[in-house]
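final_10.txt (compact mmCIF, C-alpha atoms) appears below.
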```txt
# COMPACT_ATOMS: atom_id res chain seq x y z
CA MET A 1 -80.62 26.47 47.70
CA PRO A 2 -79.76 30.05 46.67
CA ARG A 3 -80.59 31.30 43.20
CA PRO A 4 -77.55 31.19 40.86
CA ASP A 5 -75.87 34.57 41.00
CA VAL A 6 -73.03 34.19 38.51
CA THR A 7 -73.70 34.43 34.78
CA LEU A 8 -71.66 34.41 31.59
CA GLN A 9 -71.97 38.19 31.58
CA ASP A 10 -70.39 38.32 35.03
CA ILE A 11 -67.51 36.14 33.84
CA ARG A 12 -66.97 38.31 30.76
CA ALA A 13 -67.00 41.41 32.98
CA ALA A 14 -64.42 39.76 35.24
CA GLN A 15 -62.23 39.00 32.23
CA ALA A 16 -62.27 42.68 31.25
CA ARG A 17 -61.69 43.83 34.84
CA ILE A 18 -58.66 41.65 35.56
CA GLY A 19 -57.09 41.61 32.11
CA GLY A 20 -54.24 43.86 33.21
CA CYS A 21 -53.32 41.91 36.33
CA VAL A 22 -53.48 38.23 35.34
CA LEU A 23 -51.73 36.23 32.64
CA ARG A 24 -53.23 34.47 29.65
CA THR A 25 -51.66 31.13 30.51
CA PRO A 26 -50.38 28.72 27.85
CA VAL A 27 -51.74 25.31 26.88
CA LEU A 28 -49.24 22.44 26.68
CA GLU A 29 -49.47 19.05 25.02
CA SER A 30 -47.44 15.85 25.34
CA ALA A 31 -47.31 13.17 22.65
CA LEU A 32 -46.19 10.64 25.26
CA LEU A 33 -49.12 11.34 27.59
CA ASN A 34 -51.54 11.33 24.65
CA ALA A 35 -50.31 7.91 23.59
CA ALA A 36 -50.46 6.54 27.12
CA CYS A 37 -54.02 7.73 27.66
CA GLY A 38 -55.40 7.21 24.16
CA ALA A 39 -56.71 10.76 23.94
CA GLN A 40 -55.61 14.22 22.87
CA LEU A 41 -54.81 16.03 26.13
CA TYR A 42 -54.49 19.79 26.51
CA PHE A 43 -53.07 21.17 29.76
CA LYS A 44 -54.08 24.72 30.71
CA CYS A 45 -51.10 25.89 32.77
CA GLU A 46 -52.48 27.99 35.59
CA ASN A 47 -49.41 26.90 37.55
CA LEU A 48 -47.68 29.60 35.48
CA GLN A 49 -50.20 32.24 36.58
CA HIS A 50 -49.24 35.14 38.85
CA THR A 51 -48.82 33.78 42.42
CA GLY A 52 -48.45 30.33 40.86
CA ALA A 53 -52.14 29.42 40.74
CA PHE A 54 -55.52 30.14 39.13
CA LYS A 55 -56.58 31.79 42.39
CA ALA A 56 -55.10 35.06 41.11
CA ARG A 57 -58.15 35.36 38.84
CA GLY A 58 -60.90 35.14 41.44
CA ALA A 59 -59.03 37.10 44.09
CA SER A 60 -58.18 39.91 41.68
CA ASN A 61 -61.77 40.17 40.50
CA ALA A 62 -63.13 40.19 44.05
CA VAL A 63 -60.69 42.88 45.21
CA PHE A 64 -60.89 45.10 42.12
CA ALA A 65 -64.70 44.89 42.05
CA ARG A 66 -64.80 46.66 45.45
CA SER A 67 -64.73 50.44 45.76
CA THR A 68 -61.98 52.40 47.47
CA ALA A 69 -64.38 53.18 50.30
CA GLN A 70 -65.20 49.51 50.81
CA LEU A 71 -61.50 48.67 51.01
CA ARG A 72 -60.50 51.40 53.45
CA ALA A 73 -59.68 48.79 56.14
CA GLY A 74 -58.22 46.27 53.70
CA VAL A 75 -59.19 42.66 53.15
CA VAL A 76 -59.27 39.41 55.11
CA THR A 77 -59.40 35.82 53.95
CA HIS A 78 -58.61 32.29 55.05
CA SER A 79 -56.69 29.89 52.87
CA SER A 80 -54.45 26.85 52.70
CA GLY A 81 -52.12 29.05 50.67
CA ASN A 82 -52.88 29.82 47.04
CA HIS A 83 -55.96 31.97 47.60
CA GLY A 84 -54.18 33.77 50.42
CA ALA A 85 -51.25 34.69 48.20
CA ALA A 86 -53.63 35.80 45.45
CA VAL A 87 -55.62 38.04 47.82
CA ALA A 88 -52.40 39.47 49.24
CA ARG A 89 -51.16 40.31 45.75
CA ALA A 90 -54.46 41.86 44.67
CA ALA A 91 -54.54 43.93 47.86
CA GLN A 92 -50.97 45.03 47.26
CA LEU A 93 -51.95 46.19 43.76
CA ARG A 94 -54.84 48.17 45.28
CA GLY A 95 -52.58 49.57 48.00
CA VAL A 96 -54.54 48.13 50.94
CA PRO A 97 -53.55 45.68 53.71
CA ALA A 98 -54.32 41.98 53.55
CA ARG A 99 -54.70 39.62 56.50
CA VAL A 100 -54.67 35.90 55.81
CA VAL A 101 -55.66 33.09 58.19
CA MET A 102 -53.77 29.87 57.38
CA PRO A 103 -53.56 26.42 58.99
CA HIS A 104 -50.41 25.91 60.99
CA ASN A 105 -49.52 22.92 58.80
CA SER A 106 -49.52 24.96 55.57
CA SER A 107 -46.53 24.30 53.34
CA ALA A 108 -43.48 26.51 53.77
CA ALA A 109 -43.74 27.52 50.11
CA LYS A 110 -47.30 28.79 50.51
CA LEU A 111 -46.56 30.66 53.73
CA ALA A 112 -43.60 32.33 52.05
CA ALA A 113 -45.72 33.31 49.05
CA VAL A 114 -48.32 35.08 51.20
CA ARG A 115 -45.61 36.99 53.05
CA ALA A 116 -43.86 37.88 49.79
CA TYR A 117 -46.97 39.76 48.67
CA GLY A 118 -47.24 41.63 51.96
CA GLY A 119 -49.92 39.49 53.58
CA GLU A 120 -50.12 39.41 57.38
CA ILE A 121 -50.56 35.77 58.43
CA THR A 122 -52.54 34.45 61.39
CA LEU A 123 -52.00 30.73 62.01
CA CYS A 124 -54.82 28.47 63.24
CA ALA A 125 -55.72 24.84 63.70
CA PRO A 126 -55.97 22.87 60.44
CA THR A 127 -59.77 22.75 60.29
CA LEU A 128 -62.27 24.74 58.27
CA ALA A 129 -64.09 25.76 61.45
CA ALA A 130 -60.89 27.18 62.94
CA ARG A 131 -60.11 29.10 59.77
CA GLU A 132 -63.59 30.60 59.59
CA ALA A 133 -63.61 31.56 63.27
CA ALA A 134 -60.22 33.28 63.11
CA ALA A 135 -61.16 35.18 59.95
CA ALA A 136 -64.48 36.29 61.48
CA GLN A 137 -62.67 37.62 64.54
CA ILE A 138 -60.30 39.68 62.41
CA VAL A 139 -63.20 41.09 60.39
CA ALA A 140 -64.97 42.07 63.62
CA GLU A 141 -61.85 43.77 64.95
CA THR A 142 -60.80 45.59 61.77
CA GLN A 143 -63.98 46.00 59.67
CA ALA A 144 -61.97 44.78 56.68
CA VAL A 145 -63.72 43.16 53.70
CA PHE A 146 -63.85 39.38 53.82
CA ILE A 147 -62.93 37.65 50.54
CA HIS A 148 -64.12 34.06 50.75
CA PRO A 149 -61.91 31.50 48.97
CA TYR A 150 -64.81 30.24 46.86
CA ASP A 151 -68.25 31.18 48.24
CA ASP A 152 -68.24 34.62 46.62
CA PRO A 153 -69.85 35.46 43.25
CA ALA A 154 -66.94 37.73 42.27
CA VAL A 155 -64.42 34.98 43.05
CA ILE A 156 -66.42 32.41 41.07
CA ALA A 157 -66.74 34.77 38.11
CA GLY A 158 -63.00 35.39 38.14
CA GLN A 159 -62.25 31.67 38.16
CA GLY A 160 -64.63 31.21 35.24
CA THR A 161 -62.27 33.24 33.04
CA VAL A 162 -60.10 30.10 32.86
CA ALA A 163 -62.79 28.49 30.70
CA LEU A 164 -63.17 31.52 28.44
CA GLU A 165 -59.46 31.45 27.66
CA PHE A 166 -59.31 27.67 27.32
CA LEU A 167 -62.15 27.58 24.79
CA GLU A 168 -60.51 30.35 22.78
CA GLN A 169 -57.22 28.45 22.73
CA VAL A 170 -58.67 24.96 22.09
CA PRO A 171 -62.18 25.35 20.60
CA GLN A 172 -62.40 21.64 19.75
CA LEU A 173 -62.50 20.52 23.40
CA GLN A 174 -65.01 17.75 24.15
CA TRP A 175 -64.16 17.29 27.85
CA LEU A 176 -62.90 19.76 30.42
CA LEU A 177 -61.54 18.49 33.75
CA CYS A 178 -60.62 20.46 36.86
CA PRO A 179 -59.98 19.70 40.54
CA ILE A 180 -62.67 20.43 43.10
CA GLY A 181 -62.36 21.46 46.73
CA GLY A 182 -64.68 24.28 47.69
CA GLY A 183 -66.05 24.38 44.16
CA GLY A 184 -65.28 27.95 43.09
CA LEU A 185 -63.27 26.97 40.02
CA ALA A 186 -65.62 24.17 39.03
CA SER A 187 -68.60 26.52 39.39
CA GLY A 188 -67.07 29.27 37.27
CA ILE A 189 -65.97 26.85 34.58
CA ALA A 190 -69.35 25.09 34.59
CA VAL A 191 -71.29 28.33 34.16
CA ALA A 192 -69.07 29.50 31.30
CA VAL A 193 -69.08 26.17 29.47
CA HIS A 194 -72.82 25.62 29.92
CA SER A 195 -73.47 29.04 28.38
CA LEU A 196 -71.06 28.69 25.47
CA ARG A 197 -70.72 24.95 24.78
CA PRO A 198 -73.44 23.00 26.62
CA GLU A 199 -72.49 19.76 24.85
CA LEU A 200 -68.96 19.89 26.30
CA ARG A 201 -68.68 17.62 29.33
CA VAL A 202 -67.28 19.28 32.45
CA VAL A 203 -65.96 16.87 35.09
CA ALA A 204 -64.54 17.69 38.50
CA VAL A 205 -62.07 15.41 40.26
CA GLU A 206 -61.25 15.19 43.96
CA PRO A 207 -59.24 13.01 46.33
CA ALA A 208 -61.11 9.93 47.54
CA SER A 209 -60.10 10.83 51.10
CA ALA A 210 -61.77 14.26 50.78
CA ASP A 211 -64.84 13.27 48.79
CA ASP A 212 -67.59 15.54 50.13
CA ALA A 213 -68.22 17.01 46.66
CA TYR A 214 -68.56 13.53 45.15
CA ARG A 215 -70.93 12.41 47.90
CA SER A 216 -72.97 15.58 47.55
CA PHE A 217 -73.21 15.27 43.77
CA GLU A 218 -74.26 11.62 43.91
CA SER A 219 -76.85 12.03 46.68
CA GLY A 220 -78.21 15.44 45.72
CA ILE A 221 -77.75 16.55 49.34
CA LEU A 222 -74.92 18.81 50.50
CA ALA A 223 -72.63 16.49 52.49
CA PRO A 224 -70.48 17.63 55.40
CA PRO A 225 -66.71 17.53 54.93
CA VAL A 226 -64.66 14.79 56.52
CA PRO A 227 -61.32 15.32 58.29
CA THR A 228 -58.55 14.65 55.81
CA ASN A 229 -54.81 14.78 55.40
CA THR A 230 -54.85 14.38 51.62
CA ILE A 231 -51.64 15.40 49.93
CA ALA A 232 -53.78 17.66 47.73
CA ASP A 233 -53.94 20.36 50.39
CA GLY A 234 -55.67 22.84 48.09
CA LEU A 235 -58.70 20.55 47.91
CA ARG A 236 -59.49 20.28 51.60
CA GLY A 237 -62.24 22.89 51.42
CA ALA A 238 -65.93 21.97 51.53
CA LEU A 239 -68.65 22.92 49.06
CA SER A 240 -70.93 25.80 49.96
CA ALA A 241 -74.63 25.87 49.16
CA ARG A 242 -73.83 28.28 46.32
CA THR A 243 -71.14 26.15 44.67
CA PHE A 244 -73.16 22.98 45.23
CA GLY A 245 -76.00 24.60 43.30
CA PHE A 246 -73.76 25.35 40.32
CA ILE A 247 -72.19 21.93 40.13
CA ARG A 248 -75.56 20.16 40.45
CA GLN A 249 -76.87 22.19 37.53
CA HIS A 250 -73.95 22.13 35.16
CA LEU A 251 -71.39 19.39 35.91
CA HIS A 252 -71.42 16.16 33.98
CA ALA A 253 -69.78 14.14 36.76
CA ILE A 254 -67.45 14.11 39.75
CA VAL A 255 -64.93 11.31 40.12
CA THR A 256 -62.38 10.52 42.81
CA VAL A 257 -58.77 9.32 42.81
CA ASP A 258 -56.63 7.85 45.59
CA GLU A 259 -53.47 9.31 47.09
CA GLN A 260 -51.10 6.97 45.27
CA ALA A 261 -52.66 7.92 41.93
CA ILE A 262 -52.25 11.62 42.73
CA VAL A 263 -48.54 11.23 43.50
CA GLN A 264 -47.97 9.14 40.36
CA ALA A 265 -49.82 11.69 38.23
CA MET A 266 -47.76 14.50 39.72
CA ARG A 267 -44.55 12.66 38.81
CA GLU A 268 -45.72 12.01 35.26
CA LEU A 269 -46.63 15.65 34.71
CA TRP A 270 -43.28 16.85 36.07
CA SER A 271 -41.44 14.34 33.86
CA ASN A 272 -43.38 14.80 30.62
CA LEU A 273 -44.45 18.45 30.61
CA ARG A 274 -41.24 19.66 32.29
CA ILE A 275 -43.18 21.94 34.62
CA ILE A 276 -43.82 22.01 38.37
CA VAL A 277 -47.37 21.23 39.45
CA GLU A 278 -48.65 20.73 42.97
CA PRO A 279 -50.66 17.65 44.03
CA SER A 280 -54.03 19.41 43.65
CA SER A 281 -53.16 20.14 40.01
CA ALA A 282 -52.38 16.50 39.32
CA VAL A 283 -55.78 15.22 40.46
CA PRO A 284 -57.62 15.59 37.11
CA TYR A 285 -54.83 13.94 35.15
CA ALA A 286 -54.85 11.11 37.71
CA ALA A 287 -58.46 10.43 36.71
CA ILE A 288 -57.51 10.19 33.03
CA ALA A 289 -54.41 8.06 33.66
CA GLY A 290 -56.47 5.80 35.93
CA ARG A 291 -59.19 5.31 33.28
CA LYS A 292 -61.87 6.83 35.50
CA LEU A 293 -63.54 8.26 32.40
CA GLU A 294 -64.04 6.91 28.88
CA VAL A 295 -62.25 9.58 26.83
CA ARG A 296 -60.51 7.49 24.15
CA ASP A 297 -59.84 9.53 21.00
CA ALA A 298 -61.45 12.61 22.56
CA HIS A 299 -60.08 16.14 22.93
CA VAL A 300 -59.66 16.56 26.69
CA GLY A 301 -58.81 19.79 28.48
CA ILE A 302 -57.19 19.63 31.93
CA VAL A 303 -56.71 22.64 34.18
CA LEU A 304 -53.39 22.53 36.00
CA THR A 305 -54.43 24.75 38.86
CA GLY A 306 -51.17 25.55 40.64
CA GLY A 307 -47.48 24.94 41.06
CA ASN A 308 -46.69 26.07 44.59
CA VAL A 309 -44.69 23.17 45.96
CA ASP A 310 -42.18 23.00 48.76
CA ILE A 311 -39.42 21.31 46.76
CA ASP A 312 -37.61 20.32 49.95
CA VAL A 313 -40.53 18.05 50.87
CA LEU A 314 -41.58 16.14 47.76
CA PRO A 315 -43.83 13.04 47.95
CA TRP A 316 -41.29 10.78 46.28
```

Re-express the file's structure as structure tokens.
Amino acid sequence: MPRPDVTLQDIRAAQARIGGCVLRTPVLESALLNAACGAQLYFKCENLQHTGAFKARGASNAVFARSTAQLRAGVVTHSSGNHGAAVARAAQLRGVPARVVMPHNSSAAKLAAVRAYGGEITLCAPTLAAREAAAAQIVAETQAVFIHPYDDPAVIAGQGTVALEFLEQVPQLQWLLCPIGGGGLASGIAVAVHSLRPELRVVAVEPASADDAYRSFESGILAPPVPTNTIADGLRGALSARTFGFIRQHLHAIVTVDEQAIVQAMRELWSNLRIIVEPSSAVPYAAIAGRKLEVRDAHVGIVLTGGNVDIDVLPW
């Protein structure tokens, strides 16, 4: 397992680097949701971030950390949508081209977002192997810099800035929940929280039908991903050795929720917070609503990771 290569200092440096190109997102509360769950819930609204997702943080840090010479041929990534849009935007700010490999079943909203920021899309089969192969071919042909969606220290450090902000806004947090797919966000948050508030319990939540992170965490062995059609499309990625190392060291737990619970949680968040969140964002709240954790009377932070939804195709 590789030596951890992201520190609190890296996350603080990322915060300074990207301060001018990301938003300090608000934290919302709902008395109705608090009463229903028996806890004080705080929702960090990264769905209101530039490009509609927390991915703007990691992508901006990864792109702006590179020199002009390194970026002379632009950047390449693969993504189900949110990371692709974030890389395209960061590249646009740097004035370099961005090429994004996306599964052919990506949502119309996410395809449109990548194009809106000037990204050139290459469609591929909806598997991680197909995404990686297509991105590698583009890198070989163009010599552009590859920005991995999560297995990149600069991306992880950028995502960790979510925790720095959250702890500044709600210093009394006792729990902090986030979704987990490839593990970049969970890793960045875990490193920041472990360094600043080691007693605070960080929990990642994933769909039961895409539970490689859960299986890996429980067994201590990096598990292969399983084919999935979970509605939480942003969580179909698989842990890397790097992100697995971080979550093994610093996460309190990983729990899973089923598809019905995700849809119900999404509806409740739309109805009570009056904001749009995508299925991946609803996964942590689904764990609280489903009593997957004992958080009664606790101060619980939940990262709402994104709000890029095709409103013509809603799951209800």

Exercise. Any idea what's packed within 10 Å of segment 93-103 of chain A, counting all atoms listed in the file, ignoring anything in its chain fewer than 6 positions away? Could you give it as a PyMOL selection string?
Worked result: chain A and resi 21+60+63-64+68+71-81+83-85+87+110-111+114-115+117-128+130-136+138-139+144-147

Exercise. Taking into account all atoms listed in the file, which residue in the set A:Ser281, A:Gln40, A:Ser67, A:Thr25 is nearest to Asn308 of chain A?
Worked result: A:Ser281

Seminar exercise, completed: From the list A:Glu165, A:Asp10, A:Asp297, A:Ala88, the nearest residue to Pro26 of chain A using all atoms listed in the file is A:Glu165

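The nearest approach to Ser240 of chain A among the residues A:Thr256, A:Gln9, A:Ser195, A:Ser187, with only C-alpha atoms taken into account, belongs to A:Ser187.
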
For this session: For Gln249 of chain A, work out the shell of residues within 12 Å, counting all atoms listed in the file and skipping chain neighbours fewer than 4 positions away, then give it as a VMD selection string.
Result: chain A and resid 1 3 to 4 186 to 187 190 to 191 193 to 195 198 202 217 220 242 to 245 253

Take the selection from the previous step and output its residues with C-alpha atoms, as a PDB file, in the coordinates of the input.
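Contents of part15.pdb, as written:
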```pdb
ATOM      1  CA  MET A   1     -80.620  26.470  47.700  1.00  0.00           C
ATOM      2  CA  ARG A   3     -80.590  31.300  43.200  1.00  0.00           C
ATOM      3  CA  PRO A   4     -77.550  31.190  40.860  1.00  0.00           C
ATOM      4  CA  ALA A 186     -65.620  24.170  39.030  1.00  0.00           C
ATOM      5  CA  SER A 187     -68.600  26.520  39.390  1.00  0.00           C
ATOM      6  CA  ALA A 190     -69.350  25.090  34.590  1.00  0.00           C
ATOM      7  CA  VAL A 191     -71.290  28.330  34.160  1.00  0.00           C
ATOM      8  CA  VAL A 193     -69.080  26.170  29.470  1.00  0.00           C
ATOM      9  CA  HIS A 194     -72.820  25.620  29.920  1.00  0.00           C
ATOM     10  CA  SER A 195     -73.470  29.040  28.380  1.00  0.00           C
ATOM     11  CA  PRO A 198     -73.440  23.000  26.620  1.00  0.00           C
ATOM     12  CA  VAL A 202     -67.280  19.280  32.450  1.00  0.00           C
ATOM     13  CA  PHE A 217     -73.210  15.270  43.770  1.00  0.00           C
ATOM     14  CA  GLY A 220     -78.210  15.440  45.720  1.00  0.00           C
ATOM     15  CA  ARG A 242     -73.830  28.280  46.320  1.00  0.00           C
ATOM     16  CA  THR A 243     -71.140  26.150  44.670  1.00  0.00           C
ATOM     17  CA  PHE A 244     -73.160  22.980  45.230  1.00  0.00           C
ATOM     18  CA  GLY A 245     -76.000  24.600  43.300  1.00  0.00           C
ATOM     19  CA  ALA A 253     -69.780  14.140  36.760  1.00  0.00           C
TER      20      ALA A 253
END
```

Problem set entry | Distance criterion (all atoms listed in the file): nearest to Ala213 of chain A out of A:Arg201, A:Arg57, A:Arg89, A:Arg248 |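 Comparing A:Arg201, A:Arg57, A:Arg89, A:Arg248 against Ala213 of chain A, the winner is A:Arg248.
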
Exercise. What gap, in Å, lies between atom CA of Thr228 of chain A and atom CA of Gly183 of chain A?
Worked result: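 Distance between the two atoms: 16.9 Å.
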
Exercise. For His299 of chain A, which residue out of A:Leu167, A:Ala113, A:Leu8, A:Leu48 is the nearest one, using only C-alpha atoms?
Worked result: A:Leu167

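Minimum atom-to-atom distances from A:Ala238, A:Ala31, A:Val203, A:Ala116 to His250 of chain A were compared using only C-alpha atoms, and the lowest value belongs to A:Val203.
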
Problem set entry | Nearby residues (all atoms listed in the file) at most 7 Å from Val303 of chain A, same-chain spacing under 4 positions excluded, as a list in words |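 Result of the neighbour search: Phe43, Lys44, Cys45, Glu46, Leu177 and Cys178 of chain A.
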
Please produce an output containing C-alpha atoms for each residue in the selection, written as a CSV table (one decimal), in the frame of the given file.
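File written: part.csv
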```csv
chain,number,residue,atom,x,y,z
A,43,PHE,CA,-53.1,21.2,29.8
A,44,LYS,CA,-54.1,24.7,30.7
A,45,CYS,CA,-51.1,25.9,32.8
A,46,GLU,CA,-52.5,28.0,35.6
A,177,LEU,CA,-61.5,18.5,33.8
A,178,CYS,CA,-60.6,20.5,36.9
```

Exercise. Which residues, written as a list of chain:residue names, have at least one atom at most 9 Å from segment 11-19 of chain A, with only C-alpha atoms counted and residues fewer than 2 positions away on the same chain left out?
Worked result: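 Selected residues are A:Val6, A:Thr7, A:Leu8, A:Gln9, A:Cys21, A:Val22, A:Leu23, A:Arg24, A:Arg57, A:Gly58, A:Ser60, A:Asn61, A:Ala62, A:Phe64, A:Ala65, A:Ala154, A:Ile156, A:Ala157, A:Gly158, A:Gln159, A:Gly160, A:Thr161, A:Leu164, A:Gly188, A:Val191, A:Ala192.
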
Exercise. Could you tell me, as a ChimeraX atom specification, which residues have any atom at most 12 Å from (-50.9, 14.7, 51.6), counting all atoms listed in the file?
Worked result: /A:105-107,207-210,228-236,258-263,278-280,309,313-316

Fill-in result for segment 252-275 of chain A, N, CA and C atoms as a PDB file, in the frame of the given file:
```
ATOM      1  N   HIS A 252     -71.076  17.462  34.537  1.00  0.00           N
ATOM      2  CA  HIS A 252     -71.420  16.160  33.980  1.00  0.00           C
ATOM      3  C   HIS A 252     -71.201  15.061  35.014  1.00  0.00           C
ATOM      4  N   ALA A 253     -70.102  15.178  35.772  1.00  0.00           N
ATOM      5  CA  ALA A 253     -69.780  14.140  36.760  1.00  0.00           C
ATOM      6  C   ALA A 253     -68.708  14.652  37.713  1.00  0.00           C
ATOM      7  N   ILE A 254     -68.589  13.963  38.850  1.00  0.00           N
ATOM      8  CA  ILE A 254     -67.450  14.110  39.750  1.00  0.00           C
ATOM      9  C   ILE A 254     -66.890  12.722  39.974  1.00  0.00           C
ATOM     10  N   VAL A 255     -65.581  12.591  39.859  1.00  0.00           N
ATOM     11  CA  VAL A 255     -64.930  11.310  40.120  1.00  0.00           C
ATOM     12  C   VAL A 255     -63.829  11.519  41.148  1.00  0.00           C
ATOM     13  N   THR A 256     -63.395  10.430  41.764  1.00  0.00           N
ATOM     14  CA  THR A 256     -62.380  10.520  42.810  1.00  0.00           C
ATOM     15  C   THR A 256     -61.159   9.677  42.438  1.00  0.00           C
ATOM     16  N   VAL A 257     -60.020  10.053  43.024  1.00  0.00           N
ATOM     17  CA  VAL A 257     -58.770   9.320  42.810  1.00  0.00           C
ATOM     18  C   VAL A 257     -58.075   9.156  44.160  1.00  0.00           C
ATOM     19  N   ASP A 258     -57.294   8.078  44.318  1.00  0.00           N
ATOM     20  CA  ASP A 258     -56.630   7.850  45.590  1.00  0.00           C
ATOM     21  C   ASP A 258     -55.291   8.572  45.670  1.00  0.00           C
ATOM     22  N   GLU A 259     -54.697   8.545  46.847  1.00  0.00           N
ATOM     23  CA  GLU A 259     -53.470   9.310  47.090  1.00  0.00           C
ATOM     24  C   GLU A 259     -52.304   8.814  46.231  1.00  0.00           C
ATOM     25  N   GLN A 260     -52.187   7.508  46.077  1.00  0.00           N
ATOM     26  CA  GLN A 260     -51.100   6.970  45.270  1.00  0.00           C
ATOM     27  C   GLN A 260     -51.216   7.435  43.822  1.00  0.00           C
ATOM     28  N   ALA A 261     -52.444   7.476  43.302  1.00  0.00           N
ATOM     29  CA  ALA A 261     -52.660   7.920  41.930  1.00  0.00           C
ATOM     30  C   ALA A 261     -52.303   9.396  41.769  1.00  0.00           C
ATOM     31  N   ILE A 262     -52.581  10.196  42.792  1.00  0.00           N
ATOM     32  CA  ILE A 262     -52.250  11.620  42.730  1.00  0.00           C
ATOM     33  C   ILE A 262     -50.739  11.813  42.652  1.00  0.00           C
ATOM     34  N   VAL A 263     -50.000  11.114  43.499  1.00  0.00           N
ATOM     35  CA  VAL A 263     -48.540  11.230  43.500  1.00  0.00           C
ATOM     36  C   VAL A 263     -47.963  10.769  42.161  1.00  0.00           C
ATOM     37  N   GLN A 264     -48.464   9.642  41.649  1.00  0.00           N
ATOM     38  CA  GLN A 264     -47.970   9.140  40.360  1.00  0.00           C
ATOM     39  C   GLN A 264     -48.277  10.131  39.239  1.00  0.00           C
ATOM     40  N   ALA A 265     -49.460  10.710  39.257  1.00  0.00           N
ATOM     41  CA  ALA A 265     -49.820  11.690  38.230  1.00  0.00           C
ATOM     42  C   ALA A 265     -48.926  12.920  38.311  1.00  0.00           C
ATOM     43  N   MET A 266     -48.639  13.355  39.514  1.00  0.00           N
ATOM     44  CA  MET A 266     -47.760  14.500  39.720  1.00  0.00           C
ATOM     45  C   MET A 266     -46.381  14.222  39.114  1.00  0.00           C
ATOM     46  N   ARG A 267     -45.857  13.040  39.363  1.00  0.00           N
ATOM     47  CA  ARG A 267     -44.550  12.660  38.810  1.00  0.00           C
ATOM     48  C   ARG A 267     -44.578  12.650  37.282  1.00  0.00           C
ATOM     49  N   GLU A 268     -45.633  12.091  36.717  1.00  0.00           N
ATOM     50  CA  GLU A 268     -45.720  12.010  35.260  1.00  0.00           C
ATOM     51  C   GLU A 268     -45.798  13.388  34.619  1.00  0.00           C
ATOM     52  N   LEU A 269     -46.517  14.294  35.247  1.00  0.00           N
ATOM     53  CA  LEU A 269     -46.630  15.650  34.710  1.00  0.00           C
ATOM     54  C   LEU A 269     -45.291  16.378  34.803  1.00  0.00           C
ATOM     55  N   TRP A 270     -44.615  16.245  35.934  1.00  0.00           N
ATOM     56  CA  TRP A 270     -43.280  16.850  36.070  1.00  0.00           C
ATOM     57  C   TRP A 270     -42.358  16.305  34.980  1.00  0.00           C
ATOM     58  N   SER A 271     -42.375  14.992  34.769  1.00  0.00           N
ATOM     59  CA  SER A 271     -41.440  14.340  33.860  1.00  0.00           C
ATOM     60  C   SER A 271     -41.734  14.645  32.392  1.00  0.00           C
ATOM     61  N   ASN A 272     -43.016  14.686  32.034  1.00  0.00           N
ATOM     62  CA  ASN A 272     -43.380  14.800  30.620  1.00  0.00           C
ATOM     63  C   ASN A 272     -43.636  16.231  30.157  1.00  0.00           C
ATOM     64  N   LEU A 273     -44.198  17.061  31.006  1.00  0.00           N
ATOM     65  CA  LEU A 273     -44.450  18.450  30.610  1.00  0.00           C
ATOM     66  C   LEU A 273     -43.307  19.369  30.990  1.00  0.00           C
ATOM     67  N   ARG A 274     -42.405  18.882  31.848  1.00  0.00           N
ATOM     68  CA  ARG A 274     -41.240  19.660  32.290  1.00  0.00           C
ATOM     69  C   ARG A 274     -41.656  20.925  33.032  1.00  0.00           C
ATOM     70  N   ILE A 275     -42.728  20.819  33.801  1.00  0.00           N
ATOM     71  CA  ILE A 275     -43.180  21.940  34.620  1.00  0.00           C
ATOM     72  C   ILE A 275     -43.503  21.434  36.022  1.00  0.00           C
TER      73      ILE A 275
END
```
